[in-house]
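One structure is given below, encoded as structure tokens.
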Amino acid sequence: MPLTEKQLGVLKGMIIGASIALCIVLLGCYLNPFGYQESLNRIDMLGIAILSCLIPAVFLAASIGRLAKHRFFTPEDIDGGGLAKGTKQAKLLQSLLQNTFEQTLLASIVYCAWSVVMPATWLSVVPLAALTFGLGRILFFRNYKNGAAPRAVGFTLSFYPSIIMLIGIVGVLIWRQIS
């Protein structure tokens, strides 16, 4: 079955986002742009991960705030999603919030796991992924109303670094078990 034009647009965004995500992870691992030394202890490494989690947290807080503000100033939505049908704008903001929550949770867990599993000289991946997350959320928010294809790059820039990192973590843990 051939792909629709919309599916091809999403696929293009996915390829762009995946390519950038892979470059971010490889850049962080092999070039170590933040210059983290192997002598860093696990507590310091975890501290860097937790601080990096603040970037996704800012976007989560903004998403919560946007929906709360809308509900406060919109009589049809002030009772909340559980008690009201919800206007089109409330549903849109709820979708953005839900997606951002999911992405933030995944990223935060992965950033912390990366910081305790991977070598300290690969720690630059975490703040690079967090910065990429922020850029991805901006693009995702900005392009959400335009449909799946325009928002695909934003989605993938938030999601794919976490997935590539998660695959790397699992791979290293498996390798350690079989070695």
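Going through the structure tokens in order, the chains are called A, B, and so on, while each chain numbers its residues from 1 and the ligands are numbered from 1 in the order shown.
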
- Residues near region 40-53 of chain A, cut-off 7 Å, only C-alpha atoms, skip fewer than 3 positions along chain, as a list in words: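 Skipping anything fewer than 3 positions along the chain leaves Gln37, Pro56, Ala57, Ser108, Tyr111, Cys112, Ser115, Val116, Ala120, Val126, Pro127 and Ala130 of chain A.
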
Atoms kept (C-alpha atoms) for selection, written as a PDB file, in the first residue's frame:
```pdb
ATOM      1  CA  GLN A  37      36.381  13.898  32.710  1.00  0.00           C
ATOM      2  CA  PRO A  56      12.004  19.282  29.822  1.00  0.00           C
ATOM      3  CA  ALA A  57      10.461  20.364  33.146  1.00  0.00           C
ATOM      4  CA  SER A 108      14.138  12.414  32.607  1.00  0.00           C
ATOM      5  CA  TYR A 111      18.989  11.143  31.284  1.00  0.00           C
ATOM      6  CA  CYS A 112      19.414   9.822  34.816  1.00  0.00           C
ATOM      7  CA  SER A 115      24.455   9.342  33.757  1.00  0.00           C
ATOM      8  CA  VAL A 116      24.948   6.272  35.950  1.00  0.00           C
ATOM      9  CA  ALA A 120      31.617  10.000  32.304  1.00  0.00           C
ATOM     10  CA  VAL A 126      22.663  14.431  28.379  1.00  0.00           C
ATOM     11  CA  PRO A 127      22.744  18.253  28.198  1.00  0.00           C
ATOM     12  CA  ALA A 130      18.059  18.267  26.806  1.00  0.00           C
TER      13      ALA A 130
END
```

- Which residues, written as a PyMOL selection string, have at least one atom at most 10 Å from Thr100 (chain A), with only C-alpha atoms counted and residues fewer than 2 positions away on the same chain left out? chain A and resi 56-57+59-64+94-98+102-106+137+140-141+155+158

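If only C-alpha atoms are the atoms counted, then among A:Lys69, A:Lys6, A:Lys12, A:Arg151 the closest residue to Gly136 (chain A) is A:Arg151.
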
- Query: What is the CA of Ile178 (chain A) to CA of Met118 (chain A) distance in Å?
  - Reply: 16.7 Å

- Task: Name the residues of region 18-177 of chain A that come out as helix (DSSP H, G or I) in a backbone DSSP run; write them as number ranges by chain.
- Result: A: 18-30, 42-52, 54-73, 88-117, 120-122, 125-146, 148-177

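For Leu8 (chain A), the list of residues within 12 Å, based on only C-alpha atoms and with local chain neighbours fewer than 6 positions off taken out, reads Pro2, Met14, Ile15, Ala148, Ala149, Pro150 and Ala152 of chain A.
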
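What separates CA of Leu67 (chain A) from CA of Leu92 (chain A) is a distance of 9.1 Å.
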
- Query: Hey, can you check how far CA of Leu131 (chain A) sits from CA of Asn99 (chain A)?
  - Reply: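 It comes out at 17.6 Å.
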
- Tell me which of A:Leu3, A:Ile109, A:Ala129, A:Ile55 sits closest to Ala21 (chain A), counting only C-alpha atoms. A:Ala129

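Contact shell of Trp122 (chain A) at 8 Å (only C-alpha atoms; same-chain neighbours under 5 positions omitted): Gly28, Cys29, Tyr30, Asn32 and Tyr36 of chain A.
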
Keeping C-alpha atoms for every residue in the selection just given, could you write it to a file as a compact mmCIF listing (two decimals), in the first residue's frame?
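Output file out.txt is given in full below:
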```txt
# COMPACT_ATOMS: atom_id res chain seq x y z
CA GLY A 28 28.23 13.92 22.81
CA CYS A 29 29.92 10.53 23.08
CA TYR A 30 32.92 11.00 20.87
CA ASN A 32 32.66 15.34 24.57
CA TYR A 36 33.54 15.90 31.21
```

- Do you know which residues are at most 7 Å from Val110 (chain A) counting only C-alpha atoms, after dropping those on the same chain fewer than 5 positions away, and could you put them as a PyMOL selection string? chain A and resi 162+165-166
